[in-house]
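Undergrad: Below you'll find entry28.cif; it's mmCIF, C-alpha atoms.
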data_coords
loop_
_atom_site.label_atom_id
_atom_site.label_comp_id
_atom_site.auth_asym_id
_atom_site.auth_seq_id
_atom_site.Cartn_x
_atom_site.Cartn_y
_atom_site.Cartn_z
CA MET A 1 16.66 6.12 11.95
CA ARG A 2 14.68 2.92 11.29
CA PHE A 3 14.44 3.93 7.66
CA LEU A 4 18.21 4.48 7.40
CA LEU A 5 18.93 1.09 8.98
CA GLY A 6 16.43 -0.57 6.68
CA TRP A 7 17.93 1.10 3.63
CA ALA A 8 21.43 0.01 4.69
CA CYS A 9 20.10 -3.58 4.98
CA ALA A 10 18.46 -3.35 1.54
CA LEU A 11 21.69 -2.03 -0.02
CA SER A 12 23.67 -4.83 1.65
CA VAL A 13 21.31 -7.50 0.34
CA VAL A 14 21.39 -6.30 -3.28
CA SER A 15 25.18 -5.79 -3.10
CA PHE A 16 26.11 -9.14 -1.54
CA VAL A 17 23.44 -11.33 -3.13
CA PRO A 18 23.84 -10.93 -6.90
CA GLY A 19 20.99 -13.40 -7.43
CA VAL A 20 18.48 -10.71 -6.42
CA GLU A 21 19.60 -8.43 -9.24
CA ARG A 22 19.71 -11.31 -11.75
CA TRP A 23 16.25 -12.47 -10.72
CA ALA A 24 14.84 -8.94 -11.06
CA ILE A 25 16.23 -8.59 -14.60
CA HIS A 26 15.03 -12.07 -15.60
CA ALA A 27 11.55 -11.55 -14.16
CA THR A 28 11.24 -8.09 -15.75
CA LEU A 29 12.14 -9.57 -19.14
CA LEU A 30 9.67 -12.44 -18.68
CA SER A 31 6.85 -10.05 -17.76
CA LEU A 32 7.68 -7.73 -20.65
CA GLY A 33 7.64 -10.65 -23.06
CA PHE A 34 4.36 -11.92 -21.62
CA VAL A 35 2.62 -8.54 -21.84
CA CYS A 36 3.91 -7.72 -25.32
CA ARG A 37 3.01 -11.11 -26.82
CA ILE A 38 -0.63 -10.38 -26.01
CA PHE A 39 -0.51 -7.52 -28.54
CA THR A 40 2.19 -8.38 -31.04
CA ARG A 41 4.36 -11.22 -32.30
CA SER A 42 7.27 -8.91 -32.96
CA VAL A 43 8.91 -9.52 -29.57
CA LEU A 44 12.26 -11.10 -28.82
CA VAL A 45 13.58 -11.70 -25.33
CA ALA A 46 17.23 -12.68 -25.01
CA ASN A 47 18.49 -11.92 -21.49
CA PRO A 48 19.41 -9.09 -20.89
CA ASP A 49 18.07 -7.75 -24.19
CA PHE A 50 14.52 -7.09 -25.21
CA VAL A 51 13.54 -6.32 -28.79
CA LEU A 52 10.11 -4.86 -29.51
CA GLY A 53 9.15 -4.11 -33.11
CA GLY A 54 12.81 -4.08 -34.13
CA THR A 55 13.83 -1.67 -31.34
CA PRO A 56 16.38 -3.29 -29.00
CA VAL A 57 16.84 -2.27 -25.36
CA THR A 58 19.03 -3.75 -22.68
CA ILE A 59 17.42 -4.32 -19.31
CA SER A 60 19.92 -3.25 -16.64
CA PRO A 61 19.40 -3.41 -12.85
CA ASP A 62 18.16 0.20 -13.00
CA CYS A 63 15.40 -0.86 -15.40
CA THR A 64 13.91 -3.19 -12.81
CA PRO A 65 11.62 -2.02 -10.00
CA LEU A 66 14.16 -3.26 -7.44
CA MET A 67 15.19 0.08 -5.90
CA PRO A 68 11.76 1.75 -5.96
CA THR A 69 10.29 -1.36 -4.33
CA ALA A 70 13.11 -1.42 -1.76
CA ALA A 71 12.49 2.26 -0.93
CA LEU A 72 8.74 1.66 -0.54
CA TRP A 73 9.22 -1.52 1.50
CA VAL A 74 11.73 0.08 3.84
CA ALA A 75 9.39 3.06 4.35
CA ILE A 76 6.43 0.77 5.08
CA LEU A 77 8.44 -1.47 7.42
CA ALA A 78 9.88 1.54 9.26
CA TYR A 79 6.42 2.99 9.85
CA PRO A 80 4.50 1.99 12.95
CA ALA A 81 1.36 0.24 11.66
CA PRO A 82 -0.47 -3.07 12.22
CA ARG A 83 1.41 -6.06 10.77
CA ARG A 84 -1.42 -7.09 8.48
CA TRP A 85 -1.63 -3.59 7.03
CA LYS A 86 2.13 -3.57 6.51
CA LEU A 87 1.94 -6.90 4.69
CA THR A 88 -0.89 -5.56 2.51
CA GLY A 89 1.22 -2.51 1.69
CA LEU A 90 4.30 -4.58 0.87
CA LEU A 91 2.45 -6.93 -1.49
CA ALA A 92 0.19 -4.36 -3.15
CA GLY A 93 3.04 -1.84 -3.44
CA ALA A 94 5.38 -4.37 -5.06
CA GLY A 95 2.67 -5.46 -7.50
CA LEU A 96 1.73 -1.92 -8.48
CA LEU A 97 5.35 -0.86 -8.89
CA TRP A 98 5.97 -3.93 -11.04
CA LEU A 99 3.07 -3.00 -13.34
CA TYR A 100 4.15 0.64 -13.33
CA ASN A 101 7.67 -0.38 -14.35
CA LEU A 102 6.39 -2.43 -17.29
CA GLY A 103 4.45 0.61 -18.47
CA ARG A 104 7.53 2.79 -17.98
CA ILE A 105 9.74 0.49 -20.08
CA LEU A 106 7.19 0.12 -22.87
CA THR A 107 6.68 3.89 -23.04
CA THR A 108 10.45 4.42 -23.09
CA VAL A 109 10.82 1.91 -25.94
CA SER A 110 8.15 3.74 -27.92
CA VAL A 111 9.96 7.06 -27.31
CA LEU A 112 13.20 5.44 -28.49
CA LYS A 113 11.45 4.30 -31.64
CA THR A 114 9.60 7.51 -32.46
CA ARG A 115 11.69 10.31 -30.88
CA PRO A 116 15.19 8.96 -30.21
CA GLU A 117 16.46 12.47 -29.44
CA TRP A 118 14.14 12.57 -26.39
CA PHE A 119 15.24 9.16 -25.12
CA GLU A 120 17.99 10.34 -22.77
CA PHE A 121 15.77 12.91 -21.05
CA VAL A 122 12.75 10.60 -20.81
CA HIS A 123 14.72 7.54 -19.71
CA VAL A 124 17.19 9.01 -17.26
CA TYR A 125 15.44 12.03 -15.81
CA LEU A 126 11.72 12.16 -16.51
CA TRP A 127 10.93 8.58 -15.52
CA GLN A 128 13.22 8.68 -12.52
CA THR A 129 11.38 11.74 -11.20
CA VAL A 130 7.98 10.21 -11.97
CA THR A 131 9.03 6.97 -10.27
CA VAL A 132 10.03 8.78 -7.08
CA ILE A 133 6.64 10.55 -7.16
CA ALA A 134 4.95 7.15 -7.67
CA VAL A 135 6.78 5.65 -4.68
CA PHE A 136 5.83 8.64 -2.53
CA GLY A 137 2.28 8.44 -3.82
CA LEU A 138 1.94 4.76 -2.94
CA PHE A 139 3.36 5.38 0.52
CA VAL A 140 1.00 8.30 1.13
CA LEU A 141 -1.98 6.25 -0.13
CA TRP A 142 -0.95 3.39 2.14
CA LEU A 143 -0.85 5.81 5.08
CA ARG A 144 -4.15 7.40 4.16
CA PHE A 145 -6.11 4.16 3.86
CA GLU A 146 -4.75 2.56 7.01
CA PRO A 147 -7.76 1.06 8.76
CA ARG A 148 -8.37 2.73 12.12
CA PRO A 149 -9.43 0.52 15.04
CA ARG A 150 -13.18 0.69 15.61
CA SER A 151 -14.16 2.51 18.77
CA ALA A 152 -16.16 0.53 21.32
CA PRO A 153 -19.91 1.30 21.33
CA MET B 1 -4.54 13.21 -1.78
CA ARG B 2 -4.52 16.92 -2.48
CA TRP B 3 -1.02 17.07 -1.05
CA LEU B 4 0.11 14.37 -3.48
CA LEU B 5 -1.36 16.22 -6.46
CA ARG B 6 0.26 19.46 -5.35
CA PHE B 7 3.58 17.66 -4.93
CA ALA B 8 3.31 16.06 -8.38
CA ALA B 9 2.38 19.39 -9.99
CA LEU B 10 5.24 21.26 -8.30
CA ALA B 11 7.73 18.50 -9.17
CA THR B 12 6.58 18.68 -12.79
CA LEU B 13 6.98 22.48 -12.80
CA LEU B 14 10.45 22.30 -11.28
CA ALA B 15 11.68 19.49 -13.58
CA PRO B 16 12.33 21.78 -16.61
CA LEU B 17 14.35 24.13 -14.39
CA CYS B 18 16.42 21.18 -13.19
CA TRP B 19 16.84 20.07 -16.80
CA LEU B 20 18.15 23.53 -17.76
CA ALA B 21 20.62 23.47 -14.86
CA LEU B 22 21.60 19.84 -15.51
CA HIS B 23 24.90 20.09 -17.39
CA PRO B 24 26.46 22.96 -15.42
CA TYR B 25 25.33 21.26 -12.22
CA GLU B 26 26.80 17.88 -13.23
CA ARG B 27 30.12 19.55 -14.05
CA ALA B 28 30.17 21.44 -10.74
CA LEU B 29 29.30 18.23 -8.92
CA ALA B 30 32.16 16.48 -10.66
CA VAL B 31 34.60 19.15 -9.43
CA ALA B 32 33.25 18.88 -5.88
CA VAL B 33 33.41 15.05 -5.96
CA SER B 34 36.99 15.17 -7.27
CA HIS B 35 37.92 17.34 -4.27
CA ALA B 36 36.02 15.06 -1.86
CA LEU B 37 37.83 12.02 -3.28
CA LYS B 38 41.12 13.54 -2.09
CA LEU B 39 39.80 13.01 1.46
CA PHE B 40 39.71 9.28 0.64
CA GLY B 41 43.23 9.52 -0.76
CA VAL B 42 42.05 9.15 -4.36
CA GLN B 43 43.41 11.45 -7.08
CA LEU B 44 40.79 11.45 -9.81
CA THR B 45 39.48 14.21 -12.03
CA LEU B 46 35.91 13.65 -13.13
CA GLY B 47 34.36 15.43 -16.09
CA SER B 48 30.73 14.94 -15.19
CA VAL B 49 28.69 13.04 -12.59
CA ASN B 50 25.33 11.55 -13.47
CA VAL B 51 23.25 10.72 -10.40
CA ALA B 52 19.93 12.32 -11.34
CA ALA B 53 21.04 15.56 -9.70
CA PRO B 54 19.73 18.29 -9.48
CA PHE B 55 16.38 16.51 -9.93
CA ASP B 56 16.62 15.34 -6.31
CA LEU B 57 16.79 19.00 -5.28
CA GLY B 58 13.71 19.73 -7.40
CA LEU B 59 11.83 16.88 -5.75
CA PHE B 60 12.85 18.06 -2.30
CA ALA B 61 11.74 21.62 -3.08
CA ALA B 62 8.42 20.27 -4.39
CA LEU B 63 7.95 18.21 -1.22
CA CYS B 64 8.59 21.24 0.99
CA LEU B 65 6.45 23.65 -1.01
CA ALA B 66 3.55 21.19 -1.27
CA ALA B 67 3.22 21.10 2.53
CA ARG B 68 -0.29 21.36 3.93
CA ARG B 69 0.19 22.06 7.60
CA ALA B 70 3.62 23.58 8.00
CA PRO B 71 3.68 27.39 7.94
CA TRP B 72 5.74 29.13 5.27
CA ARG B 73 8.48 29.95 7.78
CA VAL B 74 9.02 26.22 8.39
CA ARG B 75 8.93 25.36 4.68
CA LEU B 76 11.51 28.02 3.82
CA ARG B 77 13.70 26.94 6.73
CA ALA B 78 13.51 23.34 5.51
CA LEU B 79 14.54 24.46 2.03
CA ALA B 80 17.42 26.55 3.38
CA ILE B 81 18.74 23.67 5.50
CA GLY B 82 17.76 20.73 3.31
CA ILE B 83 19.23 21.79 -0.02
CA PRO B 84 22.81 22.16 1.29
CA ILE B 85 22.42 18.81 3.10
CA LEU B 86 21.28 17.15 -0.13
CA MET B 87 24.24 18.65 -1.99
CA LEU B 88 26.58 17.19 0.61
CA VAL B 89 24.83 13.82 0.27
CA GLU B 90 25.37 13.99 -3.49
CA ILE B 91 29.06 14.85 -3.14
CA PHE B 92 29.92 12.35 -0.42
CA GLY B 93 27.56 9.67 -1.75
CA VAL B 94 29.27 9.68 -5.14
CA ALA B 95 32.76 10.03 -3.61
CA SER B 96 32.12 7.06 -1.28
CA SER B 97 30.79 4.97 -4.17
CA ILE B 98 33.88 5.66 -6.27
CA ALA B 99 36.20 5.08 -3.31
CA ILE B 100 34.57 1.69 -2.59
CA ILE B 101 34.82 0.62 -6.23
CA LEU B 102 38.46 1.72 -6.55
CA ARG B 103 39.45 0.23 -3.18
CA PHE B 104 38.48 -3.30 -4.22
CA ARG B 105 39.30 -2.98 -7.92
CA GLY B 106 42.34 -5.21 -7.72
CA GLN B 107 40.69 -8.01 -5.72
CA PRO B 108 38.95 -10.38 -8.12
CA ASP B 109 36.70 -11.98 -5.49
CA ALA B 110 35.52 -8.63 -4.06
CA ALA B 111 35.55 -6.36 -7.11
CA GLU B 112 32.13 -7.38 -8.40
CA THR B 113 30.46 -6.98 -5.01
CA ALA B 114 32.20 -3.62 -4.50
CA LEU B 115 31.01 -2.48 -7.92
CA ARG B 116 27.44 -3.39 -7.03
CA ALA B 117 27.74 -1.78 -3.58
CA GLY B 118 29.10 1.44 -5.09
CA PHE B 119 26.41 1.46 -7.74
CA TYR B 120 23.59 0.93 -5.24
CA LEU B 121 25.08 3.41 -2.77
CA SER B 122 24.96 6.11 -5.44
CA ASP B 123 21.35 5.03 -6.07
CA THR B 124 20.54 6.33 -2.60
CA ILE B 125 20.75 9.85 -4.04
CA PRO B 126 17.80 9.68 -6.45
CA TRP B 127 15.71 7.19 -4.50
CA VAL B 128 15.76 8.16 -0.87
CA SER B 129 17.82 11.25 -0.05
CA ALA B 130 15.16 13.88 -0.82
CA GLY B 131 12.44 11.96 1.00
CA LEU B 132 14.63 11.25 3.99
CA VAL B 133 15.76 14.86 4.46
CA TRP B 134 12.15 16.00 4.01
CA LEU B 135 11.02 13.51 6.66
CA ALA B 136 13.68 14.73 9.06
CA LEU B 137 12.86 18.40 8.57
CA MET B 138 9.11 18.36 7.97
CA GLY B 139 7.82 14.93 8.93
CA SER B 140 6.55 16.12 12.30
CA TRP B 141 4.34 18.67 10.55
CA GLU B 142 3.13 16.68 7.61
CA LEU B 143 2.79 13.04 8.63
CA PRO B 144 -0.06 11.55 10.63
CA ALA B 145 0.36 11.51 14.39
CA SER B 146 1.37 7.86 14.60
CA VAL B 147 4.69 8.51 12.92
CA GLY B 148 6.00 12.01 13.04
CA GLY B 149 4.47 13.11 16.28
CA PRO B 150 1.55 15.47 16.74
CA ARG B 151 -0.22 16.78 13.64
CA GLY B 152 1.28 20.24 13.18
CA PRO B 153 3.31 20.72 16.34
CA ARG B 154 2.23 24.28 16.82
CA ALA B 155 -1.09 24.13 15.00
CA SER B 156 -3.03 23.17 18.10
CA PRO B 157 -2.57 24.30 21.69
CA PRO B 158 -0.47 21.85 23.72
CA GLN B 159 -2.45 19.33 25.72
CA PRO B 160 -1.34 18.05 29.13
CA SER B 161 -1.01 14.55 27.67
CA ASP B 162 1.37 15.89 24.99
CA ARG B 163 4.17 16.06 27.52
CA ALA B 164 4.24 12.31 27.80
CA ARG B 165 4.17 11.89 24.05
CA PRO B 166 7.54 11.12 22.50
CA ARG B 167 8.91 13.88 20.32
CA PRO B 168 9.38 13.24 16.63
CA ARG B 169 12.80 12.01 15.66
#
Mind turning this structure into structure tokens?

TA:
Amino acid sequence: MRFLLGWACALSVVSFVPGVERWAIHATLLSLGFVCRIFTRSVLVANPDFVLGGTPVTISPDCTPLMPTAALWVAILAYPAPRRWKLTGLLAGAGLLWLYNLGRILTTVSVLKTRPEWFEFVHVYLWQTVTVIAVFGLFVLWLRFEPRPRSAP
Amino acid sequence: MRWLLRFAALATLLAPLCWLALHPYERALAVAVSHALKLFGVQLTLGSVNVAAPFDLGLFAALCLAARRAPWRVRLRALAIGIPILMLVEIFGVASSIAIILRFRGQPDAAETALRAGFYLSDTIPWVSAGLVWLALMGSWELPASVGGPRGPRASPPQPSDRARPRPR
């Protein structure tokens, strides 16, 4: 029930505060540009478009880690655990999902460039499934490594 | 960790099956959503609905089958109950999203927010529905004691202190 309430809150925030969505797109583009410029000069970022090696892609709200992060955050917040451990999970989870999403976009761009006929499957279905597995994985890892209180000697 | 690997492997195995069923499933979902929309007073015939279904069903099946503690009877029961629930979530999730978007279409100040709300509501299907239904049906078996209740409700004999313990949701 806590999870459902949290998810309803998350949906309300992203629906009624358009700035969240805009910020996520802008920050995703900035990070993509930053990462790609380390390796190549053939990068162009023009919100909401991103061109890598002549291959253009448009970054939509679904291309940002907004919803996976929201799902992970709501799960962590709904779970009874020490506050500090929750905070660690929220920050580490968001960071890892952000990095994961950059990898996902760059892989998808390379698929678009080399195997455009696979793009639809890889972009819409494969990565979505893998992302759900990644969110589950992070949540399970967070649960597994929760520090247990030391027993008194 | 082993559970996670088993889940990932099963999800990967089930993904091609979902891919094969994709187009017929999307068309059937469109028919069901068109009927559900009539409940909202909306006459609309959809050709296809794209909400990452039936991949959510594949993920749910992988979650159930990857279980470590739940006996097979419980896993199969979860599959039998959970898959129809997820299908209903798909139908009514998409129908509600469309109804919200259409309801506020003519109001310039609300249309954009309604569009976003409808879009994100339909995002519930791929992101949380499978996990949520799995938690409801199998969480008490598979999650650590601090959340879902005792580890494997029937795996260990009941202790006197268990009576005072709150039941899982």

Undergrad: Choose the residue, out of A:His123, A:Val74, A:Val20, A:Ala81, that has the smallest atom-to-atom separation from A:Leu4; count all atoms listed in the file.

TA: A:Val74

Undergrad: Pick out the residues sitting within 12 Å of A:Tyr79, and hand them over as a PDB file with C-alpha atoms, in the coordinates of the input; count all atoms listed in the file, and ignore anything fewer than 4 positions along from it in its own chain.

TA:
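What landed in part.pdb:
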ATOM      1  CA  MET A   1      16.660   6.120  11.950  1.00  0.00           C
ATOM      2  CA  ARG A   2      14.680   2.920  11.290  1.00  0.00           C
ATOM      3  CA  PHE A   3      14.440   3.930   7.660  1.00  0.00           C
ATOM      4  CA  GLY A   6      16.430  -0.570   6.680  1.00  0.00           C
ATOM      5  CA  LEU A  72       8.740   1.660  -0.540  1.00  0.00           C
ATOM      6  CA  TRP A  73       9.220  -1.520   1.500  1.00  0.00           C
ATOM      7  CA  VAL A  74      11.730   0.080   3.840  1.00  0.00           C
ATOM      8  CA  ALA A  75       9.390   3.060   4.350  1.00  0.00           C
ATOM      9  CA  ARG A  83       1.410  -6.060  10.770  1.00  0.00           C
ATOM     10  CA  TRP A  85      -1.630  -3.590   7.030  1.00  0.00           C
ATOM     11  CA  LYS A  86       2.130  -3.570   6.510  1.00  0.00           C
ATOM     12  CA  GLY A  89       1.220  -2.510   1.690  1.00  0.00           C
ATOM     13  CA  LEU A  90       4.300  -4.580   0.870  1.00  0.00           C
ATOM     14  CA  PHE A 139       3.360   5.380   0.520  1.00  0.00           C
ATOM     15  CA  VAL A 140       1.000   8.300   1.130  1.00  0.00           C
ATOM     16  CA  TRP A 142      -0.950   3.390   2.140  1.00  0.00           C
ATOM     17  CA  LEU A 143      -0.850   5.810   5.080  1.00  0.00           C
ATOM     18  CA  GLU A 146      -4.750   2.560   7.010  1.00  0.00           C
TER      19      GLU A 146
ATOM     20  CA  LEU B 135      11.020  13.510   6.660  1.00  0.00           C
ATOM     21  CA  LEU B 143       2.790  13.040   8.630  1.00  0.00           C
ATOM     22  CA  PRO B 144      -0.060  11.550  10.630  1.00  0.00           C
ATOM     23  CA  ALA B 145       0.360  11.510  14.390  1.00  0.00           C
ATOM     24  CA  SER B 146       1.370   7.860  14.600  1.00  0.00           C
ATOM     25  CA  VAL B 147       4.690   8.510  12.920  1.00  0.00           C
ATOM     26  CA  GLY B 148       6.000  12.010  13.040  1.00  0.00           C
TER      27      GLY B 148
END

Undergrad: Identify which of the residues B:Trp72, B:Phe7, B:Phe119, B:Trp134 lies closest to B:Ala95, counting only C-alpha atoms when measuring atom-to-atom distances.

TA: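 Residue with the minimum atom-to-atom distance to B:Ala95: B:Phe119.
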
Undergrad: As JSON, what would the box around stretch 119-127 of chain B look like: edges along x, y and z, 3 Å added on every side, centre and edge lengths in Å to one decimal?

TA:
{"center_x": 21.1, "center_y": 5.4, "center_z": -5.2, "size_x": 16.7, "size_y": 14.9, "size_z": 11.1}

Undergrad: So what do you get for atom CA of A:Phe121 versus atom CA of B:Leu14, distance-wise?

TA: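 Atom CA of B:Leu14 lies 14.6 Å from atom CA of A:Phe121.
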
Undergrad: Please list as number ranges by chain every residue within 8 Å of B:Ile91, counting all atoms listed in the file and excluding residues in the same chain fewer than 2 positions away.

TA: B: 29, 32-33, 36, 87-89, 93-95

Undergrad: Can you pull out every residue within 10 Å of B:Gly47, counting all atoms listed in the file, but drop anything in the same chain fewer than 4 positions away, and send it as number ranges by chain?

TA: B: 26-31, 34

Undergrad: What gap, in Å, lies between atom CA of A:Arg41 and atom CA of A:Glu120?

TA: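 One can read the atom CA of A:Arg41 to atom CA of A:Glu120 distance as 27.2 Å.
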
Undergrad: Starting from chain B, keep only residues with some atom at most 8 Å from an atom of chain A, counting only C-alpha atoms, and report them as a list in words.

TA: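 That gives Met1, Leu4, Ala8, Ala11, Ala15, Ala52, Phe55, Leu59, Thr113, Ala114, Arg116, Ala117, Tyr120, Leu121, Asp123, Pro126, Trp127, Val128, Ser146, Val147 and Arg169 of chain B for chain B.
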
Undergrad: Please compute the atom CA of B:Ser140-atom CA of B:Ser122 distance, one decimal, in Å.

TA: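 These atoms are spaced 27.5 Å apart.
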
Undergrad: Suppose a student applies the PyMOL selection byres ((chain A and resi 53) around 8) to this structure; what residues should they get, written as a PyMOL selection string?

TA: chain A and resi 42-43+51-52+54-55

Undergrad: Give me, as a PyMOL selection string, all polymer residues having an atom no more than 8 Å from stretch 100-116 of chain A, counting only C-alpha atoms and skipping those fewer than 4 positions away in the same chain.

TA: chain A and resi 28+31-32+52+55+57+63-65+96+122-123+127

Undergrad: Would you mind completing stretch 66-92 of chain A to N, CA and C atoms and writing the output as a PDB file, keeping the file's coordinate frame?

TA:
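Output file selection.pdb is given in full below:
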ATOM      1  N   LEU A  66      13.498  -2.820  -8.672  1.00  0.00           N
ATOM      2  CA  LEU A  66      14.160  -3.260  -7.440  1.00  0.00           C
ATOM      3  C   LEU A  66      14.319  -2.112  -6.433  1.00  0.00           C
ATOM      4  N   MET A  67      14.924  -1.005  -6.853  1.00  0.00           N
ATOM      5  CA  MET A  67      15.190   0.080  -5.900  1.00  0.00           C
ATOM      6  C   MET A  67      13.920   0.815  -5.487  1.00  0.00           C
ATOM      7  N   PRO A  68      13.001   1.125  -6.423  1.00  0.00           N
ATOM      8  CA  PRO A  68      11.760   1.750  -5.960  1.00  0.00           C
ATOM      9  C   PRO A  68      11.017   0.869  -4.959  1.00  0.00           C
ATOM     10  N   THR A  69      10.988  -0.453  -5.240  1.00  0.00           N
ATOM     11  CA  THR A  69      10.290  -1.360  -4.330  1.00  0.00           C
ATOM     12  C   THR A  69      11.015  -1.395  -2.979  1.00  0.00           C
ATOM     13  N   ALA A  70      12.348  -1.414  -3.021  1.00  0.00           N
ATOM     14  CA  ALA A  70      13.110  -1.420  -1.760  1.00  0.00           C
ATOM     15  C   ALA A  70      12.797  -0.163  -0.958  1.00  0.00           C
ATOM     16  N   ALA A  71      12.759   0.995  -1.641  1.00  0.00           N
ATOM     17  CA  ALA A  71      12.490   2.260  -0.930  1.00  0.00           C
ATOM     18  C   ALA A  71      11.092   2.215  -0.295  1.00  0.00           C
ATOM     19  N   LEU A  72      10.110   1.724  -1.067  1.00  0.00           N
ATOM     20  CA  LEU A  72       8.740   1.660  -0.540  1.00  0.00           C
ATOM     21  C   LEU A  72       8.649   0.674   0.624  1.00  0.00           C
ATOM     22  N   TRP A  73       9.267  -0.497   0.455  1.00  0.00           N
ATOM     23  CA  TRP A  73       9.220  -1.520   1.500  1.00  0.00           C
ATOM     24  C   TRP A  73       9.871  -1.033   2.790  1.00  0.00           C
ATOM     25  N   VAL A  74      11.031  -0.391   2.634  1.00  0.00           N
ATOM     26  CA  VAL A  74      11.730   0.080   3.840  1.00  0.00           C
ATOM     27  C   VAL A  74      10.868   1.136   4.540  1.00  0.00           C
ATOM     28  N   ALA A  75      10.245   2.026   3.752  1.00  0.00           N
ATOM     29  CA  ALA A  75       9.390   3.060   4.350  1.00  0.00           C
ATOM     30  C   ALA A  75       8.214   2.425   5.084  1.00  0.00           C
ATOM     31  N   ILE A  76       7.586   1.422   4.459  1.00  0.00           N
ATOM     32  CA  ILE A  76       6.430   0.770   5.080  1.00  0.00           C
ATOM     33  C   ILE A  76       6.858   0.030   6.358  1.00  0.00           C
ATOM     34  N   LEU A  77       7.980  -0.683   6.260  1.00  0.00           N
ATOM     35  CA  LEU A  77       8.440  -1.470   7.420  1.00  0.00           C
ATOM     36  C   LEU A  77       8.877  -0.559   8.568  1.00  0.00           C
ATOM     37  N   ALA A  78       9.398   0.630   8.209  1.00  0.00           N
ATOM     38  CA  ALA A  78       9.880   1.540   9.260  1.00  0.00           C
ATOM     39  C   ALA A  78       8.734   2.273   9.947  1.00  0.00           C
ATOM     40  N   TYR A  79       7.559   2.224   9.342  1.00  0.00           N
ATOM     41  CA  TYR A  79       6.420   2.990   9.850  1.00  0.00           C
ATOM     42  C   TYR A  79       5.627   2.178  10.856  1.00  0.00           C
ATOM     43  N   PRO A  80       5.291   2.764  11.991  1.00  0.00           N
ATOM     44  CA  PRO A  80       4.500   1.990  12.950  1.00  0.00           C
ATOM     45  C   PRO A  80       3.066   1.804  12.443  1.00  0.00           C
ATOM     46  N   ALA A  81       2.716   0.553  12.145  1.00  0.00           N
ATOM     47  CA  ALA A  81       1.360   0.240  11.660  1.00  0.00           C
ATOM     48  C   ALA A  81       1.101  -1.236  11.963  1.00  0.00           C
ATOM     49  N   PRO A  82      -0.175  -1.648  11.958  1.00  0.00           N
ATOM     50  CA  PRO A  82      -0.470  -3.070  12.220  1.00  0.00           C
ATOM     51  C   PRO A  82       0.222  -3.969  11.186  1.00  0.00           C
ATOM     52  N   ARG A  83       0.637  -5.162  11.654  1.00  0.00           N
ATOM     53  CA  ARG A  83       1.410  -6.060  10.770  1.00  0.00           C
ATOM     54  C   ARG A  83       0.661  -6.417   9.492  1.00  0.00           C
ATOM     55  N   ARG A  84      -0.643  -6.671   9.655  1.00  0.00           N
ATOM     56  CA  ARG A  84      -1.420  -7.090   8.480  1.00  0.00           C
ATOM     57  C   ARG A  84      -1.468  -5.972   7.445  1.00  0.00           C
ATOM     58  N   TRP A  85      -1.585  -4.739   7.945  1.00  0.00           N
ATOM     59  CA  TRP A  85      -1.630  -3.590   7.030  1.00  0.00           C
ATOM     60  C   TRP A  85      -0.276  -3.389   6.341  1.00  0.00           C
ATOM     61  N   LYS A  86       0.797  -3.652   7.113  1.00  0.00           N
ATOM     62  CA  LYS A  86       2.130  -3.570   6.510  1.00  0.00           C
ATOM     63  C   LYS A  86       2.269  -4.594   5.386  1.00  0.00           C
ATOM     64  N   LEU A  87       1.825  -5.827   5.678  1.00  0.00           N
ATOM     65  CA  LEU A  87       1.940  -6.900   4.690  1.00  0.00           C
ATOM     66  C   LEU A  87       1.125  -6.541   3.430  1.00  0.00           C
ATOM     67  N   THR A  88      -0.071  -5.992   3.651  1.00  0.00           N
ATOM     68  CA  THR A  88      -0.890  -5.560   2.510  1.00  0.00           C
ATOM     69  C   THR A  88      -0.138  -4.515   1.686  1.00  0.00           C
ATOM     70  N   GLY A  89       0.470  -3.565   2.380  1.00  0.00           N
ATOM     71  CA  GLY A  89       1.220  -2.510   1.690  1.00  0.00           C
ATOM     72  C   GLY A  89       2.408  -3.063   0.924  1.00  0.00           C
ATOM     73  N   LEU A  90       3.118  -4.009   1.530  1.00  0.00           N
ATOM     74  CA  LEU A  90       4.300  -4.580   0.870  1.00  0.00           C
ATOM     75  C   LEU A  90       3.892  -5.298  -0.417  1.00  0.00           C
ATOM     76  N   LEU A  91       2.848  -6.134  -0.322  1.00  0.00           N
ATOM     77  CA  LEU A  91       2.450  -6.930  -1.490  1.00  0.00           C
ATOM     78  C   LEU A  91       1.816  -6.053  -2.573  1.00  0.00           C
ATOM     79  N   ALA A  92       0.867  -5.215  -2.160  1.00  0.00           N
ATOM     80  CA  ALA A  92       0.190  -4.360  -3.150  1.00  0.00           C
ATOM     81  C   ALA A  92       1.186  -3.383  -3.775  1.00  0.00           C
TER      82      ALA A  92
END
